[in-house]
Amino acid sequence: LCVSSLKDWLANNQDKPRKLTQMKSWFNQMVEAVAYIHEAGIIHRDLKPGNIVLGNDYRLRICDFGVAIEYTEDGYVDNYAGTDLYASPEQFDWRLTPKTDVFSLGLVYVEMICRLTPEARISVRGI
């Protein structure tokens, strides 16, 4: 059973102290989950706090695989999918590798540690 999304947890705890050990543990859980889906040949394409849920056991789970794709050697996809503020630059060129998800995870970690919401960052599309 899931308590809330990471997005909701971050919003509800914006002004509260965060334990670095907890943030690192959650990030490690996300990395392990993404490594697992990459080993299965899948690219999520829309990793963001709203697609990461927190269980009653305080373990994180990645959800919403609606735009996930199977990885191909050339990386070409015929459409853009994802959330601009968490998208990697190559998503806008329609060339994807597992690094696409790694980039998004980095942005999630910055948000967790530095408390920088997407609105506080520049959209990758705007660069």
# chains A, B, ... in the order shown; residues from 1 in each chain; ligands from 1
>>> residues_around(residues="Val110 (chain A)", least_positions_apart="2", cutoff="12 Å", atoms="only C-alpha atoms", output="number ranges by chain")
A: 10, 23-24, 27, 48-49, 86, 103-108, 112-118, 120-121
>>> write_last_selection(atoms="C-alpha atoms", output="tab-separated table (two decimals), in the first residue's frame")
chain	number	residue	atom	x	y	z
A	10	LEU	CA	8.40	16.78	-0.81
A	23	MET	CA	17.35	10.99	1.17
A	24	LYS	CA	20.39	8.88	0.23
A	27	PHE	CA	17.87	7.70	-3.94
A	48	LYS	CA	9.79	12.50	-11.72
A	49	PRO	CA	8.63	12.76	-8.10
A	86	TYR	CA	12.61	16.35	-15.93
A	103	PHE	CA	19.52	12.32	-16.14
A	104	SER	CA	15.97	12.51	-14.80
A	105	LEU	CA	16.99	10.73	-11.59
A	106	GLY	CA	19.70	13.34	-11.08
A	107	LEU	CA	17.11	16.10	-11.29
A	108	VAL	CA	14.90	14.28	-8.78
A	112	MET	CA	15.20	16.12	-2.84
A	113	ILE	CA	18.49	17.47	-1.47
A	114	CYS	CA	18.50	21.12	-2.54
A	115	ARG	CA	14.73	21.66	-2.39
A	116	LEU	CA	14.77	23.08	-5.90
A	117	THR	CA	11.34	22.60	-7.41
A	118	PRO	CA	10.98	22.40	-11.19
A	120	ALA	CA	13.03	27.02	-9.63
A	121	ARG	CA	15.04	25.44	-12.43
>>> select_by_dssp(residues="chain A", states="alpha helix (DSSP H)", output="PyMOL selection string")
chain A and resi 6-12+20-39+99-114
>>> write_last_selection(atoms="C-alpha atoms", output="PDB file, in the first residue's frame")
ATOM      1  CA  LEU A   6       7.390  11.558  -3.571  1.00  0.00           C
ATOM      2  CA  LYS A   7       6.086  14.800  -5.093  1.00  0.00           C
ATOM      3  CA  ASP A   8       3.447  15.118  -2.364  1.00  0.00           C
ATOM      4  CA  TRP A   9       5.909  14.137   0.361  1.00  0.00           C
ATOM      5  CA  LEU A  10       8.401  16.780  -0.810  1.00  0.00           C
ATOM      6  CA  ALA A  11       5.676  19.447  -0.966  1.00  0.00           C
ATOM      7  CA  ASN A  12       4.287  18.561   2.474  1.00  0.00           C
ATOM      8  CA  LEU A  20      20.448  13.169   4.502  1.00  0.00           C
ATOM      9  CA  THR A  21      20.639   9.461   5.331  1.00  0.00           C
ATOM     10  CA  GLN A  22      16.947   9.053   4.428  1.00  0.00           C
ATOM     11  CA  MET A  23      17.351  10.989   1.172  1.00  0.00           C
ATOM     12  CA  LYS A  24      20.393   8.877   0.230  1.00  0.00           C
ATOM     13  CA  SER A  25      18.523   5.668   1.062  1.00  0.00           C
ATOM     14  CA  TRP A  26      15.580   6.697  -1.110  1.00  0.00           C
ATOM     15  CA  PHE A  27      17.873   7.703  -3.941  1.00  0.00           C
ATOM     16  CA  ASN A  28      19.660   4.345  -3.743  1.00  0.00           C
ATOM     17  CA  GLN A  29      16.270   2.615  -3.948  1.00  0.00           C
ATOM     18  CA  MET A  30      15.432   4.630  -7.075  1.00  0.00           C
ATOM     19  CA  VAL A  31      18.790   3.790  -8.659  1.00  0.00           C
ATOM     20  CA  GLU A  32      18.280   0.077  -7.951  1.00  0.00           C
ATOM     21  CA  ALA A  33      14.769   0.170  -9.428  1.00  0.00           C
ATOM     22  CA  VAL A  34      15.910   2.004 -12.561  1.00  0.00           C
ATOM     23  CA  ALA A  35      18.842  -0.399 -12.978  1.00  0.00           C
ATOM     24  CA  TYR A  36      16.360  -3.275 -12.803  1.00  0.00           C
ATOM     25  CA  ILE A  37      14.107  -1.874 -15.526  1.00  0.00           C
ATOM     26  CA  HIS A  38      17.128  -1.033 -17.678  1.00  0.00           C
ATOM     27  CA  GLU A  39      18.382  -4.612 -17.330  1.00  0.00           C
ATOM     28  CA  LYS A  99      21.101   7.551 -19.684  1.00  0.00           C
ATOM     29  CA  THR A 100      17.834   9.398 -20.329  1.00  0.00           C
ATOM     30  CA  ASP A 101      16.439   8.018 -17.073  1.00  0.00           C
ATOM     31  CA  VAL A 102      19.723   8.617 -15.229  1.00  0.00           C
ATOM     32  CA  PHE A 103      19.523  12.319 -16.142  1.00  0.00           C
ATOM     33  CA  SER A 104      15.967  12.508 -14.801  1.00  0.00           C
ATOM     34  CA  LEU A 105      16.993  10.734 -11.591  1.00  0.00           C
ATOM     35  CA  GLY A 106      19.698  13.343 -11.085  1.00  0.00           C
ATOM     36  CA  LEU A 107      17.106  16.102 -11.292  1.00  0.00           C
ATOM     37  CA  VAL A 108      14.902  14.277  -8.777  1.00  0.00           C
ATOM     38  CA  TYR A 109      17.872  13.996  -6.404  1.00  0.00           C
ATOM     39  CA  VAL A 110      18.632  17.713  -6.740  1.00  0.00           C
ATOM     40  CA  GLU A 111      15.017  18.423  -5.865  1.00  0.00           C
ATOM     41  CA  MET A 112      15.196  16.120  -2.836  1.00  0.00           C
ATOM     42  CA  ILE A 113      18.487  17.468  -1.469  1.00  0.00           C
ATOM     43  CA  CYS A 114      18.504  21.123  -2.542  1.00  0.00           C
TER      44      CYS A 114
END
>>> select_by_dssp(residues="chain A", states="strand (DSSP E or B)", output="ChimeraX atom specification")
/A:2-5,42-43,52-55,60-62,69-70,76,95
>>> write_last_selection(atoms="C-alpha atoms", output="short mmCIF file (atom, residue, chain, number, x, y, z; two decimals), in the first residue's frame")
data_model
loop_
_atom_site.label_atom_id
_atom_site.label_comp_id
_atom_site.auth_asym_id
_atom_site.auth_seq_id
_atom_site.Cartn_x
_atom_site.Cartn_y
_atom_site.Cartn_z
CA CYS A 2 1.33 3.44 -0.92
CA VAL A 3 1.03 6.46 1.34
CA SER A 4 1.80 9.22 -1.16
CA SER A 5 3.91 10.20 -4.11
CA ILE A 42 13.06 -0.71 -20.71
CA ILE A 43 13.47 3.08 -20.61
CA ILE A 52 7.65 7.68 -7.52
CA VAL A 53 5.45 6.51 -4.67
CA LEU A 54 6.22 6.03 -1.01
CA GLY A 55 4.91 2.88 0.65
CA LEU A 60 9.99 3.92 -2.83
CA ARG A 61 8.44 2.39 -5.92
CA ILE A 62 8.52 3.66 -9.48
CA ILE A 69 9.64 2.02 -24.26
CA GLU A 70 11.83 -0.91 -25.09
CA TYR A 76 15.39 6.35 -32.11
CA ARG A 95 17.31 9.60 -29.39
#
>>> atom_distance(atom1="CA of Gly41 (chain A)", atom2="CA of Pro89 (chain A)")
20.6 Å
>>> atom_distance(atom1="CA of Asp93 (chain A)", atom2="CA of Tyr71 (chain A)")
15.4 Å
>>> atom_distance(atom1="CA of Arg45 (chain A)", atom2="CA of Asp74 (chain A)")
16.0 Å
>>> closest_residue(among="A:Ala81, A:Leu96, A:Ala87, A:Leu47", to="Val67 (chain A)", atoms="only C-alpha atoms")
A:Ala81
